[in-house]
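Novice: Have a peek at entry_39.cif (mmCIF, C-alpha atoms and all ligand atoms).
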data_structure
#
loop_
_atom_site.label_atom_id
_atom_site.label_comp_id
_atom_site.auth_asym_id
_atom_site.auth_seq_id
_atom_site.Cartn_x
_atom_site.Cartn_y
_atom_site.Cartn_z
CA MET C 449 -73.00 27.95 83.13
CA GLU C 450 -69.44 28.63 84.22
CA ILE C 451 -66.48 26.33 84.16
CA LYS C 452 -66.52 24.44 87.42
CA GLU C 453 -64.36 21.82 89.00
CA VAL C 454 -66.66 18.83 89.20
CA GLN C 455 -64.58 17.03 91.81
CA SER C 456 -65.40 19.79 94.29
CA ALA C 457 -68.91 18.40 94.48
CA LYS C 458 -67.71 15.11 95.88
CA GLN C 459 -69.57 15.45 99.15
CA GLU C 460 -72.85 16.69 97.69
CA GLY C 461 -76.05 14.78 96.97
CA VAL C 462 -77.39 13.90 93.53
CA PHE C 463 -79.79 16.85 93.19
CA ALA C 464 -77.22 19.39 94.35
CA MET C 465 -74.70 18.02 91.88
CA ALA C 466 -77.17 17.86 89.01
CA ALA C 467 -78.21 21.44 89.74
CA GLU C 468 -74.65 22.69 90.03
CA PHE C 469 -73.62 21.30 86.67
CA GLY C 470 -76.93 21.95 84.95
CA HIS C 471 -78.10 18.37 84.34
CA GLU C 472 -81.62 17.78 83.12
CA GLN C 473 -82.05 14.23 84.30
CA VAL C 474 -80.09 11.49 86.06
CA VAL C 475 -81.53 8.00 85.80
CA HIS C 476 -80.64 5.24 88.26
CA CYS C 477 -81.19 1.77 86.79
CA TYR C 478 -81.20 -1.36 88.95
CA ASP C 479 -81.99 -4.98 88.11
CA GLU C 480 -81.63 -7.60 90.80
CA ALA C 481 -81.71 -10.61 88.49
CA THR C 482 -78.70 -9.57 86.40
CA GLY C 483 -76.92 -7.43 89.03
CA LEU C 484 -77.21 -4.38 86.77
CA LYS C 485 -76.42 -1.03 88.39
CA ALA C 486 -76.32 1.77 85.86
CA LEU C 487 -76.44 5.53 85.90
CA ILE C 488 -77.55 7.47 82.84
CA ALA C 489 -76.87 11.21 82.96
CA ILE C 490 -78.63 13.49 80.50
CA HIS C 491 -76.89 16.82 80.73
CA ASN C 492 -78.50 18.97 78.08
CA THR C 493 -80.86 18.27 75.18
CA ALA C 494 -81.31 21.82 73.87
CA LEU C 495 -79.65 20.91 70.55
CA GLY C 496 -80.92 17.35 70.23
CA PRO C 497 -80.97 13.96 71.96
CA ALA C 498 -78.15 13.32 74.43
CA LEU C 499 -75.51 11.13 72.82
CA GLY C 500 -72.60 9.63 74.74
CA GLY C 501 -71.01 6.25 75.25
CA THR C 502 -71.49 3.72 78.02
CA ARG C 503 -68.47 3.10 80.25
CA MET C 504 -68.18 0.04 82.49
CA TRP C 505 -65.92 0.37 85.51
CA ASN C 506 -65.47 -1.20 88.92
CA TYR C 507 -65.93 2.11 90.75
CA ALA C 508 -64.67 2.32 94.33
CA SER C 509 -68.01 3.85 95.34
CA GLU C 510 -71.38 4.80 93.89
CA GLN C 511 -70.47 8.44 94.53
CA ASP C 512 -67.40 8.05 92.27
CA ALA C 513 -69.61 6.58 89.54
CA LEU C 514 -72.03 9.49 89.88
CA ILE C 515 -69.26 12.08 89.66
CA ASP C 516 -67.83 10.35 86.60
CA VAL C 517 -71.13 10.18 84.73
CA LEU C 518 -71.99 13.79 85.53
CA ARG C 519 -68.55 15.04 84.47
CA LEU C 520 -68.46 12.98 81.27
CA SER C 521 -72.01 13.83 80.17
CA ARG C 522 -71.37 17.56 80.65
CA GLY C 523 -68.27 17.22 78.47
CA MET C 524 -70.37 15.57 75.74
CA THR C 525 -72.73 18.58 75.66
CA PHE C 526 -69.83 20.91 74.89
CA LYS C 527 -68.24 18.50 72.42
CA ALA C 528 -71.44 18.14 70.39
CA ALA C 529 -72.24 21.85 70.52
CA ILE C 530 -68.78 23.06 69.48
CA SER C 531 -68.72 20.52 66.62
CA GLY C 532 -71.92 21.87 65.10
CA LEU C 533 -73.82 18.64 65.79
CA ASN C 534 -77.54 18.64 66.52
CA LEU C 535 -77.01 16.55 69.61
CA GLY C 536 -77.04 17.02 73.33
CA GLY C 537 -74.72 15.58 75.95
CA GLY C 538 -75.22 12.36 77.86
CA LYS C 539 -73.29 9.43 79.20
CA ALA C 540 -73.95 6.15 80.99
CA VAL C 541 -71.85 4.20 83.47
CA LEU C 542 -72.26 0.57 84.42
CA ILE C 543 -70.97 -0.16 87.90
CA GLY C 544 -69.21 -3.52 88.09
CA ASP C 545 -66.59 -5.86 86.70
CA ALA C 546 -66.65 -5.84 82.89
CA LYS C 547 -64.85 -9.20 82.76
CA THR C 548 -67.45 -11.17 84.71
CA MET C 549 -70.77 -9.33 84.70
CA LYS C 550 -71.48 -8.53 81.05
CA THR C 551 -73.86 -11.34 80.11
CA GLU C 552 -76.38 -11.14 77.28
CA ALA C 553 -79.22 -10.71 79.80
CA TYR C 554 -77.35 -7.94 81.64
CA LEU C 555 -76.71 -5.97 78.45
CA ARG C 556 -80.25 -6.46 77.13
CA ARG C 557 -81.71 -5.30 80.46
CA PHE C 558 -79.59 -2.17 80.12
CA GLY C 559 -80.86 -1.76 76.54
CA LYS C 560 -84.44 -1.86 77.88
CA PHE C 561 -83.65 0.96 80.31
CA ILE C 562 -82.27 3.04 77.42
CA GLN C 563 -85.39 2.29 75.36
CA SER C 564 -87.59 3.46 78.25
CA LEU C 565 -86.12 6.96 77.79
CA SER C 566 -87.75 7.08 74.32
CA GLY C 567 -84.70 8.47 72.51
CA LYS C 568 -83.72 11.18 74.94
CA TYR C 569 -80.44 9.30 75.43
CA ILE C 570 -78.48 7.49 72.71
CA THR C 571 -75.64 5.20 73.65
CA ALA C 572 -72.40 4.07 72.00
CA GLU C 573 -69.16 2.35 73.03
CA ASP C 574 -66.76 3.64 75.65
CA VAL C 575 -64.23 2.13 78.06
CA ASN C 576 -64.71 -1.63 78.55
CA MET C 577 -67.57 -1.85 76.06
CA LYS C 578 -67.22 -3.63 72.75
CA THR C 579 -69.12 -3.68 69.49
CA SER C 580 -70.53 -7.09 70.44
CA ASP C 581 -71.96 -5.53 73.63
CA MET C 582 -73.65 -2.86 71.50
CA GLU C 583 -75.23 -5.62 69.46
CA PHE C 584 -76.93 -7.05 72.59
CA ILE C 585 -77.99 -3.58 73.75
CA GLY C 586 -79.31 -2.94 70.25
CA MET C 587 -81.62 -5.98 70.53
CA GLU C 588 -83.70 -4.00 73.04
CA THR C 589 -83.35 -0.42 71.82
CA GLN C 590 -82.94 1.47 68.57
CA TYR C 591 -81.15 4.25 70.47
CA VAL C 592 -77.67 2.88 69.95
CA THR C 593 -74.97 3.98 67.52
CA GLY C 594 -71.34 3.14 66.75
CA LEU C 595 -72.26 -0.19 65.18
CA PRO C 596 -69.87 -2.13 62.92
CA GLU C 597 -69.96 -1.57 59.17
CA SER C 598 -71.29 -5.11 58.72
CA MET C 599 -74.42 -4.01 60.61
CA GLY C 600 -74.84 -0.82 58.60
CA GLY C 601 -72.93 1.33 61.08
CA GLY C 602 -70.00 3.69 60.63
CA GLY C 603 -67.39 1.28 61.98
CA ASP C 604 -64.25 2.27 63.90
CA PRO C 605 -64.39 6.02 64.70
CA SER C 606 -60.63 6.29 65.46
CA PRO C 607 -59.50 7.22 61.92
CA VAL C 608 -61.98 10.13 61.94
CA THR C 609 -60.86 11.15 65.42
CA ALA C 610 -57.24 11.14 64.22
CA TYR C 611 -58.14 13.25 61.19
CA GLY C 612 -59.84 15.83 63.43
CA VAL C 613 -56.82 15.91 65.74
CA TYR C 614 -54.61 16.46 62.70
CA MET C 615 -56.83 19.39 61.65
CA GLY C 616 -56.59 20.79 65.18
CA ILE C 617 -52.79 20.51 65.22
CA LYS C 618 -52.53 22.25 61.85
CA ALA C 619 -54.88 25.08 62.88
CA THR C 620 -52.90 25.64 66.09
CA ALA C 621 -49.64 25.66 64.12
CA LYS C 622 -51.17 28.27 61.80
CA LYS C 623 -52.01 30.44 64.80
CA VAL C 624 -48.61 30.07 66.45
CA TYR C 625 -46.22 29.93 63.48
CA GLY C 626 -48.25 31.70 60.79
CA SER C 627 -48.18 28.53 58.67
CA ASP C 628 -49.85 25.17 59.14
CA ASP C 629 -47.01 23.29 57.47
CA LEU C 630 -45.84 20.66 59.95
CA GLY C 631 -42.73 19.76 57.92
CA GLY C 632 -39.69 19.73 60.23
CA LYS C 633 -41.77 20.38 63.36
CA LYS C 634 -40.72 18.29 66.37
CA ILE C 635 -43.87 16.49 67.51
CA ALA C 636 -44.02 14.15 70.53
CA VAL C 637 -46.92 11.69 70.43
CA GLN C 638 -47.82 10.07 73.75
CA GLY C 639 -49.75 6.84 73.16
CA VAL C 640 -49.68 4.96 69.88
CA GLY C 641 -52.99 3.14 70.14
CA GLN C 642 -55.83 3.57 67.67
CA VAL C 643 -55.87 7.37 67.46
CA GLY C 644 -52.10 7.85 67.86
CA THR C 645 -51.25 5.43 65.06
CA TYR C 646 -53.74 6.84 62.56
CA LEU C 647 -52.45 10.31 63.40
CA LEU C 648 -48.86 9.26 62.74
CA GLU C 649 -49.74 8.54 59.12
CA TYR C 650 -50.61 12.22 58.57
CA LEU C 651 -47.65 13.56 60.55
CA VAL C 652 -45.07 11.38 58.86
CA LYS C 653 -46.50 12.17 55.42
CA GLU C 654 -45.94 15.86 56.18
CA ASN C 655 -42.32 15.20 57.20
CA ALA C 656 -42.77 16.16 60.83
CA LYS C 657 -39.97 14.96 63.13
CA VAL C 658 -41.99 12.62 65.31
CA THR C 659 -41.01 10.99 68.61
CA ILE C 660 -43.36 8.47 70.18
CA THR C 661 -43.87 6.81 73.53
CA ASP C 662 -46.26 4.22 74.99
CA ILE C 663 -46.48 2.05 78.08
CA SER C 664 -46.29 -0.96 75.79
CA GLU C 665 -42.66 -1.38 74.75
CA GLU C 666 -43.68 -3.89 72.14
CA LYS C 667 -46.05 -1.41 70.52
CA VAL C 668 -43.43 1.35 70.59
CA LYS C 669 -40.90 -0.88 68.84
CA GLU C 670 -43.35 -2.01 66.18
CA VAL C 671 -44.78 1.45 65.47
CA ALA C 672 -41.36 3.21 65.49
CA LYS C 673 -40.09 0.71 62.94
CA ARG C 674 -43.22 0.88 60.78
CA PHE C 675 -43.19 4.68 60.56
CA GLY C 676 -39.43 5.28 60.86
CA VAL C 677 -39.84 7.57 63.91
CA ASP C 678 -37.87 7.95 67.17
CA ALA C 679 -39.05 6.62 70.52
CA VAL C 680 -38.45 7.56 74.17
CA ALA C 681 -39.26 6.05 77.56
CA GLN C 682 -42.68 6.88 78.99
CA ASP C 683 -41.73 9.59 81.47
CA LYS C 684 -39.17 11.29 79.19
CA ILE C 685 -41.82 12.64 76.86
CA TYR C 686 -42.46 15.77 78.97
CA ASP C 687 -38.80 16.83 78.93
CA LEU C 688 -38.21 16.55 75.19
CA ASP C 689 -37.04 19.46 73.11
CA MET C 690 -40.24 19.64 71.04
CA ASP C 691 -42.52 22.08 69.22
CA ILE C 692 -45.76 20.20 69.77
CA TYR C 693 -46.80 17.81 72.55
CA THR C 694 -49.58 15.49 71.40
CA PRO C 695 -51.28 13.49 74.18
CA CYS C 696 -53.10 10.48 72.74
CA ALA C 697 -53.20 8.18 75.75
CA LEU C 698 -54.54 9.25 79.12
CA GLY C 699 -56.34 12.20 80.62
CA ALA C 700 -54.89 14.65 83.17
CA THR C 701 -51.35 14.65 81.74
CA LEU C 702 -51.34 18.45 81.94
CA ASN C 703 -50.85 19.00 85.65
CA ASP C 704 -48.67 20.62 88.34
CA ASP C 705 -45.86 18.15 87.71
CA THR C 706 -45.75 18.10 83.91
CA ILE C 707 -46.52 21.68 82.82
CA PRO C 708 -43.34 23.17 84.35
CA ARG C 709 -41.34 20.57 82.40
CA LEU C 710 -42.88 21.28 78.98
CA LYS C 711 -40.70 23.24 76.54
CA CYS C 712 -43.11 23.14 73.59
CA ALA C 713 -45.09 25.95 71.93
CA ILE C 714 -48.25 23.89 71.36
CA VAL C 715 -50.23 21.17 73.12
CA ALA C 716 -52.70 19.47 70.78
CA GLY C 717 -53.77 15.85 70.98
CA GLY C 718 -56.60 13.34 71.02
CA ALA C 719 -56.78 12.27 74.69
CA ASN C 720 -59.87 13.24 76.66
CA ASN C 721 -59.67 15.58 79.67
CA GLN C 722 -56.01 16.49 79.21
CA LEU C 723 -56.13 19.37 81.73
CA LYS C 724 -56.20 17.90 85.23
CA ASP C 725 -57.90 21.08 86.41
CA GLU C 726 -59.65 22.90 83.55
CA VAL C 727 -59.10 26.34 85.01
CA LYS C 728 -55.81 26.16 86.92
CA HIS C 729 -53.88 24.16 84.34
CA GLY C 730 -55.40 26.06 81.43
CA TYR C 731 -53.97 29.26 82.92
CA MET C 732 -50.63 27.59 83.74
CA LEU C 733 -50.22 26.81 80.03
CA LEU C 734 -51.31 30.30 79.04
CA ASP C 735 -48.81 31.88 81.46
CA LYS C 736 -46.04 29.74 79.98
CA GLY C 737 -46.94 30.94 76.48
CA ILE C 738 -48.04 27.46 75.39
CA THR C 739 -51.02 27.39 73.02
CA TYR C 740 -53.49 24.64 73.89
CA ALA C 741 -55.96 23.20 71.37
CA PRO C 742 -59.05 22.26 73.44
CA ASP C 743 -59.21 18.46 73.54
CA PHE C 744 -62.99 18.17 73.40
CA LEU C 745 -62.99 20.10 70.13
CA ILE C 746 -60.11 18.49 68.29
CA ASN C 747 -60.94 14.90 69.31
CA ALA C 748 -64.60 15.28 68.28
CA GLY C 749 -64.14 13.27 65.06
CA GLY C 750 -65.35 10.11 66.81
CA LEU C 751 -68.54 11.81 67.96
CA ILE C 752 -69.01 13.32 64.51
CA ASN C 753 -68.76 9.80 63.11
CA VAL C 754 -71.29 8.18 65.48
CA GLY C 755 -73.56 11.24 65.31
CA ASN C 756 -73.69 11.02 61.51
CA GLU C 757 -74.37 7.32 61.79
CA PHE C 758 -77.33 8.01 64.04
CA TYR C 759 -78.77 10.67 61.70
CA GLY C 760 -78.94 7.92 59.05
CA ASN C 761 -77.65 7.54 55.47
CA TYR C 762 -74.10 7.25 56.80
CA ASN C 763 -71.59 8.65 54.36
CA ARG C 764 -67.87 8.52 55.16
CA GLU C 765 -67.04 11.42 52.83
CA ARG C 766 -69.58 13.66 54.56
CA VAL C 767 -68.14 12.66 57.93
CA TYR C 768 -64.59 13.66 56.91
CA HIS C 769 -65.91 16.91 55.48
CA HIS C 770 -67.56 17.62 58.84
CA ALA C 771 -64.37 16.71 60.77
CA GLU C 772 -62.36 19.06 58.55
CA LYS C 773 -64.30 21.98 60.03
CA ILE C 774 -62.39 21.42 63.27
CA TYR C 775 -59.58 23.44 61.62
CA ASP C 776 -61.65 26.65 61.31
CA THR C 777 -63.37 26.21 64.66
CA CYS C 778 -60.03 25.72 66.39
CA LEU C 779 -58.61 28.86 64.80
CA ASN C 780 -61.71 30.87 65.82
CA ILE C 781 -61.37 29.67 69.40
CA LEU C 782 -57.67 30.52 69.59
CA ASN C 783 -58.37 34.00 68.21
CA LEU C 784 -61.23 34.53 70.66
CA ALA C 785 -59.06 33.39 73.58
CA GLU C 786 -56.33 35.82 72.56
CA LYS C 787 -58.80 38.71 72.18
CA GLU C 788 -60.56 38.06 75.49
CA LYS C 789 -57.33 37.13 77.35
CA ILE C 790 -58.87 33.86 78.52
CA THR C 791 -57.78 30.25 78.08
CA SER C 792 -58.67 28.41 74.89
CA GLN C 793 -60.67 25.94 77.02
CA GLU C 794 -62.80 28.80 78.35
CA ALA C 795 -63.19 30.28 74.87
CA ALA C 796 -64.33 26.90 73.51
CA ILE C 797 -66.87 26.48 76.31
CA HIS C 798 -68.18 30.03 75.75
CA LEU C 799 -68.73 29.31 72.05
CA ALA C 800 -70.40 25.98 72.82
CA GLU C 801 -72.71 27.64 75.37
CA LYS C 802 -73.52 30.43 72.92
CA ARG C 803 -74.64 27.91 70.30
CA ILE C 804 -76.70 25.99 72.86
CA ALA C 805 -78.42 29.21 73.99
CA GLU C 806 -79.08 30.56 70.48
CA VAL C 807 -79.95 27.39 68.56
CA GLY C 808 -81.69 25.89 71.59
CA LYS C 809 -84.21 28.75 71.43
CA VAL C 810 -84.88 28.14 67.72
CA ARG C 811 -85.68 24.48 68.43
CA ILE C 812 -88.30 25.22 71.09
CA PRO C 813 -91.71 25.49 69.35
CA ARG C 814 -93.28 28.94 69.80
P1 LIG C 901 -56.11 3.05 72.72
O1 LIG C 901 -56.38 2.29 73.98
O2 LIG C 901 -56.20 2.38 71.40
O3 LIG C 901 -54.67 3.74 72.81
C1 LIG C 901 -54.15 4.31 73.96
C2 LIG C 901 -52.66 4.03 73.97
O4 LIG C 901 -52.06 4.73 75.05
C3 LIG C 901 -52.34 2.54 74.20
O5 LIG C 901 -51.40 2.12 73.23
C4 LIG C 901 -51.74 2.51 75.60
O6 LIG C 901 -50.77 1.49 75.76
C5 LIG C 901 -51.14 3.89 75.70
N1 LIG C 901 -50.92 4.37 77.06
C6 LIG C 901 -51.68 4.19 78.16
N2 LIG C 901 -51.11 4.79 79.22
C7 LIG C 901 -49.99 5.38 78.78
C8 LIG C 901 -48.97 6.17 79.39
N3 LIG C 901 -49.00 6.44 80.69
N4 LIG C 901 -47.95 6.62 78.64
C9 LIG C 901 -47.89 6.33 77.32
N5 LIG C 901 -48.82 5.59 76.69
C10 LIG C 901 -49.85 5.13 77.40
O7 LIG C 901 -57.09 4.31 72.80
P2 LIG C 901 -57.50 5.29 71.62
O8 LIG C 901 -58.81 4.88 71.10
O9 LIG C 901 -56.36 5.49 70.70
O10 LIG C 901 -57.75 6.64 72.45
C11 LIG C 901 -56.67 7.42 72.90
C12 LIG C 901 -57.21 8.63 73.65
O11 LIG C 901 -58.07 9.38 72.80
C13 LIG C 901 -58.05 8.29 74.88
O12 LIG C 901 -57.86 9.29 75.86
C14 LIG C 901 -59.47 8.35 74.36
O13 LIG C 901 -60.40 8.63 75.39
C15 LIG C 901 -59.35 9.51 73.39
N6 LIG C 901 -60.37 9.50 72.33
C16 LIG C 901 -60.45 8.45 71.47
C17 LIG C 901 -61.42 8.47 70.46
C18 LIG C 901 -61.52 7.36 69.44
O14 LIG C 901 -62.21 7.54 68.43
N7 LIG C 901 -60.85 6.24 69.64
C19 LIG C 901 -62.30 9.56 70.36
C20 LIG C 901 -62.17 10.64 71.24
C21 LIG C 901 -61.20 10.58 72.23
#
Will you turn the file into C-alpha cells for me?
Ligand code: NAD
Specialist:
Amino acid sequence: MEIKEVQSAKQEGVFAMAAEFGHEQVVHCYDEATGLKALIAIHNTALGPALGGTRMWNYASEQDALIDVLRLSRGMTFKAAISGLNLGGGKAVLIGDAKTMKTEAYLRRFGKFIQSLSGKYITAEDVNMKTSDMEFIGMETQYVTGLPESMGGGGDPSPVTAYGVYMGIKATAKKVYGSDDLGGKKIAVQGVGQVGTYLLEYLVKENAKVTITDISEEKVKEVAKRFGVDAVAQDKIYDLDMDIYTPCALGATLNDDTIPRLKCAIVAGGANNQLKDEVKHGYMLLDKGITYAPDFLINAGGLINVGNEFYGNYNRERVYHHAEKIYDTCLNILNLAEKEKITSQEAAIHLAEKRIAEVGKVRIPR
C-alpha cells in the first residue's frame, strides 16, 4: 500500500475506492423508520478488530460521506499499528443532522447494525457523538468502547492524548536540538480545547515560552490567565517567531498558504490530518528543514486509552505507560526518515505497514 491522496478518488465508485485504499469491507446501513443512514468502513483487521469512532455529519453528498469514512478508517489502521495496538482500522459515519436526528431508537438501530458485524468493528465517540449516545448504542451491542468511568470505562481520553503529544514533542526536540528539554523553547499552541489545555500543563511545568490562540476569545483569555502564557489572534499564529508549532485544533493547517509562513524548526501537535496533502505538504516541510512529528502517531493516546478499555481490566497506569512509548517510536521514525531521505509521514506509514505485514502473518492460523 502506498501513500495516496484519497480525494483523487472522488469520482470513483465504492468498489474502486475500497480496492484503491485496500479496504476489506464497507457496510451500508439503512433504516427507514428512524431515518438512519450509516456507513461503516472496515479498512484492515490483520492485527485485530477494527476500532474507530462514529462521526455524525450533515454531509453535502453521500459520496462525501463515503470518502470521509474511507479516509478516516484507513488512518485508524496506521494509528493502531504504529502504536503497537492489536487492533485494526475502522470508522463509521452517520449521515444527517446530529441536533435533530439522534433519538434513542436511531442510536439503538445503529447499535444493532454494529452488533451484526460480530465484533469485526468496534465503535467509540467522534465528532458530534457524546458519551450518552454511546450508552444507547451500547444497549444493542457490546462492541463499543470509550464509556464513562461511572460505567466501568476509561473516561475522557484527552489527558492521555495530551500526554502522548507531549512525548512526541519531546522526542522531536531530542532529534532536532540534541536535548528534549523544552525549557525556554518558544511553543505556539493552536487550539486550547481538551487536548491543548491538558498539554499546556506539561509545557508550562517545563518552563517553555508558550503562546496560544483559539477561535474562542473567551477561552483564550481564560486559559492565558490560568497558565500565565501569551496569546495572539487566530491568523497570527503562523507568523510567530517560534521553535515549535503545535496544532491542536483543526486538520489541514499545513498547506500551501501556511507552510511558507512558518519559521519554526518543529511541527508537533495533537490535531488529526494536519498535512492537507500527505505527500506534497510533507515534502514542503522537509524542504524547509522543518521536522514534522506524524500526527497519527503522537495523538494516538486517545486510541491507546479506548483500546485498553476494550481489552478489559482497564488500568490508567498501564495506559500512560503505553502512551509513553510514543517517545521512542517517534524518534525511530525521525531517524528512519532521515536515513531514507523520505518524509516522517512516509516513514511512519512504512513502519505501520511493516508491522501489519509481519504480525498479521503470525495471527493467521497455519
Ligand atoms: P476541542 O473541540 O476540545 O478543542 C479544539 C479547540 O480548537 C477548541 O477550543 C476550538 O475553539 C479551537 N479551534 C477551532 N478552530 C480553530 C481555529 N481555526 N483556530 C484556533 N483554534 C480553533 O477538541 P480536542 O478534543 O481538544 O481535539 C483537538 C484536536 O485533536 C482535533 O483535531 C482532534 O481531532 C484531535 N484529537 C483529539 C483527541 C482527543 O483525545 N480528544 C485524540 C486524537 C486527536
Novice: Env of Ala481 of chain C: 12 Å cut, atoms = only C-alpha atoms, seq-sep filter 6 positions within chain, self excluded. Answer as a PyMOL selection string.
Specialist: chain C and resi 549+551+553-554+557
Novice: Please indicate the distance in Å from atom CA of Glu573 of chain C to atom CA of Tyr762 of chain C, rounded to one decimal place.
Specialist: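 Straight-line distance from atom CA of Glu573 of chain C to atom CA of Tyr762 of chain C works out to 17.7 Å.
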Novice: Residues within 9 Å of ligand LIG 901 (chain C), counting all atoms listed in the file: report them as a PyMOL selection string.
Specialist: chain C and resi 574-575+604-610+637-646+660-665+667-668+681-683+685+695-699+701+717-722+743-744+746-751+753
Novice: I need every residue sitting at most 12 Å from the point (-43.5, 10.6, 58.7) (coordinates as in the file, all atoms listed in the file considered), written as a PyMOL selection string.
Specialist: chain C and resi 630-635+645-660+671-678
Novice: Using Å and a single decimal, report how far atom CA of Ala528 of chain C sits from atom CA of Ala498 of chain C.
Specialist: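 Result for atom CA of Ala498 of chain C versus atom CA of Ala528 of chain C: 9.2 Å, one decimal.
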Novice: Report, in Å with one decimal, the straight-line distance from atom CA of Thr593 of chain C to atom CA of His491 of chain C.
Specialist: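 These atoms are spaced 18.5 Å apart.
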